[in-house]
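Trainee: Pasting in a structure now, in structure tokens, and then I'll have a few things to ask.
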Amino acid sequence: MQTVKQNKGRWTLRQVIFLAIIAIFFGIIYEVWSFAYYALAATPLKAVANDATLGVWLMAGPVAGVLLKRAGATTLGELLAATVEMLLFSSWGVSTLISGFIQGFASELGFAFTGYKNWRRLGLTLSVITSTIITFAYDLFASGYSQYSLSLLATLLIVRFLSIAFFAGILVYWIELLVEKSGLLK
Amino acid sequence: MNLKINPTVLLVTILSLGILLTFTRSVWLNLAMIIGASLYLVFNRPAFKKILLIGLFVLPLAFGTWWSFIVYGTGDTWHNAWIFSTRIYAYVWLGIALTFTNSVDELLFSLVQNIRLSATFAYGILAAFNLLNKIRRQVKIIRYAGQVRGITYHFWQPQLYFKAIIVALTWSGDLAEAMTSHGFSEGFSRSHYQTIPLPLWQWLIPIGVLALSLSFLVICQPW
Amino acid sequence: MTAITVSNLSFRYQNSGPNIIENINFTPEPASFNLLAGSSGSGKSTLLKIMAGLYPQFGGTITAGQVLLNGQEIGPIVPFERAQRIALLFQNPDRQFAMRTAWEQLIFSLENLQLSPELITQRATDALQKFDLWELRNQSLQTLSGGEQQRVALANILALDSDIILLDEPFANVDPTGRQTILSQLKLLQIEHGKTIIISDHDLHDYIDLADAVFTLEQQHLTRQPLGILTDLPSDTLIWHAQNKLPESGQLAWHNLTIEVGSRRLLNQQSWQLPENQLGLLSGPNGIGKSTFFKALAHLQPYQGQITFAEQVSEKIKLKNWTSKVAWVMQNARDQFITLTVSDELAISSRHSANPAYWTTTVIEQAIQDLNLTAVLEQSVYQLSGGQQKKLQTLSMLIMAPQVLLIDEPLAGLDYQSSQVLLSLIQRVVHDLNLSALMISHQRTGLQPYLDYELRLDHEQIVDLRGLSHES
């Protein structure tokens, strides 16, 4: 009978299912609280609502990163979450996939700067910074931010940074601490 | 009449059109996308009610975008307002042209057979997706466990996510064990019960549509 | 013919932890029917998963010995080669399918074996027809009953044509008719197809004409037992007399309660109220809907009819308030935990208790001591044994002291001694605080002294057994 070759580098079936289930969980949790965003989004404050909630949509990537602690996990986690969102809700359309990939890559870059060695404060801080800059640059084109007045742009950048710092930084850090203390992930 | 495009080709087409939209600014191009996607939808499966519902759901988002450019925009505010509000509809219409005409399985199987997506990814995602209703129920149970002890979880607290991760750990282990016991072998080839055809000419679709859009932009310079 | 040999096998989960099974030797006869008995938490699941080649790949370490499949070490063999020779049917019926329907599931498995489409159609059709599942083949697996799901799992294994079939407590969510069907199908597979069957079950009934060999796994060791232990099983019928019936009143009541899951009706019940100051047992066959009934009372499951509390209709009460009146103590203890350590878990209950005057620090500390949890107070709740988790979960819900407690399988994973301690604690709290408590327990020995009544759920009806002539 044939035997399996040891393959350290490859994604295992269990890891893929794990990330996909997390993505669905997060999708459903967002769904519950997305009504607040929706109410605000029908007003001129839509851009502000967008940036204030952006951090929530970015969480799945860094969560996948800090839990699996491997290169590619952050991008994959976010891309899976975006796929799930598109298939579940379809109200964000194809842009979800594109922005999901960009968001995941942007968050991943921060961890990459530490050589994938630091998944705690330093890694998360860098990840918050890279994802704020890159996603903002993307929205200059995709959402037409480049056409807004400078004062609104500055406000949006700050709001976005705070949102990402809290949800995709601090909150992810807290989640990882809990998982660590539970002793379940070794 | 049925004009079915291979799901992988369709995905590549709408992704490239999506990226094109991101870096161009034209109301007419957005409208062309919406009309094109609508035609494809009509030819395949006119689930008009669902499409209408999505259209209504997106309306406030598009309206908010439109209004925000009128209030906070610079330059040609009217033009910008129309570009970015119709673009939202274009993105969504391109998306549903894919999701309303293909099931998750069809798309994933096509990616495996046509462009060699690893079966581990395809079946891992599929297995998780088939737990969707269980996951919905589990979210209720997690929140119930808090409430029964006098605690309400909020989305800015880590507990809810943490409990979800714990469940994901257990379930992913159970599913991966079961699939392995059923012979799923990571990195080995499998047979395909149903072959998903991809005639080579279909690759002309994304190329053609993209070329058409680009020349429309360059030649007509639409508003 | 495929042969599996377990020799001198020891295994543990944590690197530094104790062995969960030790020095196991087991070579089942080809084409025999083997029953593996032992209480929950004794390591039956672990042994079966090692034999299926899933451990140590998915957890734990083999510390000594080996498992050989036709003379070759089983762990490194490619899963699709393994699956044609040995396959496992899992305890949780709804977490063992990758696909949405029975048909898709069988196709998936047969594609793994790299069979041709023609052969796949033939094998999948044969297997589904053999087990009377053809009509259900395109239904969503998640909507099937536990028994139907396990039959699909068995059909899947038949399609794979595995010579050795391992079954890990397959009847936990299966009703008696389903259990009978599956048992006779297993016997058929053994006799007609020469399959080797190894099944673990805590319930030894009905195996007398089926099993060729019986083994018990206790204190890490596997022992072969004489077949005689399958006869003269101790009766676990509880005795109820009409005079047990006291004049009673209670806050929680239901009227014309109907519960349906998918197309199956589980309950269609006239009025009843849960008596105060009493601890009752809700009994009934597996998979008949006892837990679902609890969920409906807890407002986590849709129902028709009316549930009232102190004559107030329950739908008018917000879930948040409802949970402080009627609390469901879940079957899966892990789902109930909301903090990380044992002491935090108890602290949060004591902070939100409906009766802090009763649950003083001294009383709580005494309970912790009685339940033998003192040594683990600062440990992670997720690192406790199954039995410790059930004890902690039950205690923290007792401290919450809601008017009505619906306790689902509190004794799972507990040995006789600690289940007696836990039962007496539940009984004491129920009486001291005048609560209404109803519990589900498949473990029935030693329950009688603590119970006030028994309700039996079967054929969509809940019947109070007090005063009925008991036909054992």
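Labels used: A, B, ... for chains in the order of the structure tokens, numbers from 1 for residues in each chain, and numbers from 1 for ligands as shown.
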Run DSSP on the backbone and tell me which residues of segment 187-436 of chain C come out as helix (DSSP H, G or I); list them as number ranges by chain.
Mentor: C: 187-193, 227-230, 242-244, 290-297, 314-316, 319-325, 333-336, 342-352, 361-370, 374-376, 381-383, 386-400, 416-433
Trainee: Extract, using only C-alpha atoms, all DNA, RNA and protein residues at most 10 Å from Ser99 of chain A, discarding same-chain residues fewer than 4 positions from it, and format them as JSON, numbers by chain.
Mentor: {"A": [78, 79, 82, 94, 95, 103, 104, 105, 135, 138, 139, 142], "B": [19]}
Trainee: Select, as a ChimeraX atom specification, those residues of chain A with any atom no more than 7 Å from chain B (distances computed using only C-alpha atoms).
Mentor: /A:13-14,16-18,20-22,25,28,41-46,87,90-95,141-144,147-149,171,174-175,178-179
Trainee: Return as a ChimeraX atom specification the residues belonging to chain A that are within 12 Å of chain C, counting only C-alpha atoms.
Mentor: /A:1-6,12-15,17,177-186
Trainee: Which is closer to chain C than all the others in B:Tyr153, B:Gln147, B:Thr195, B:Leu217, using only C-alpha atoms?
Mentor: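 Distance minimum relative to chain C lands on B:Gln147.
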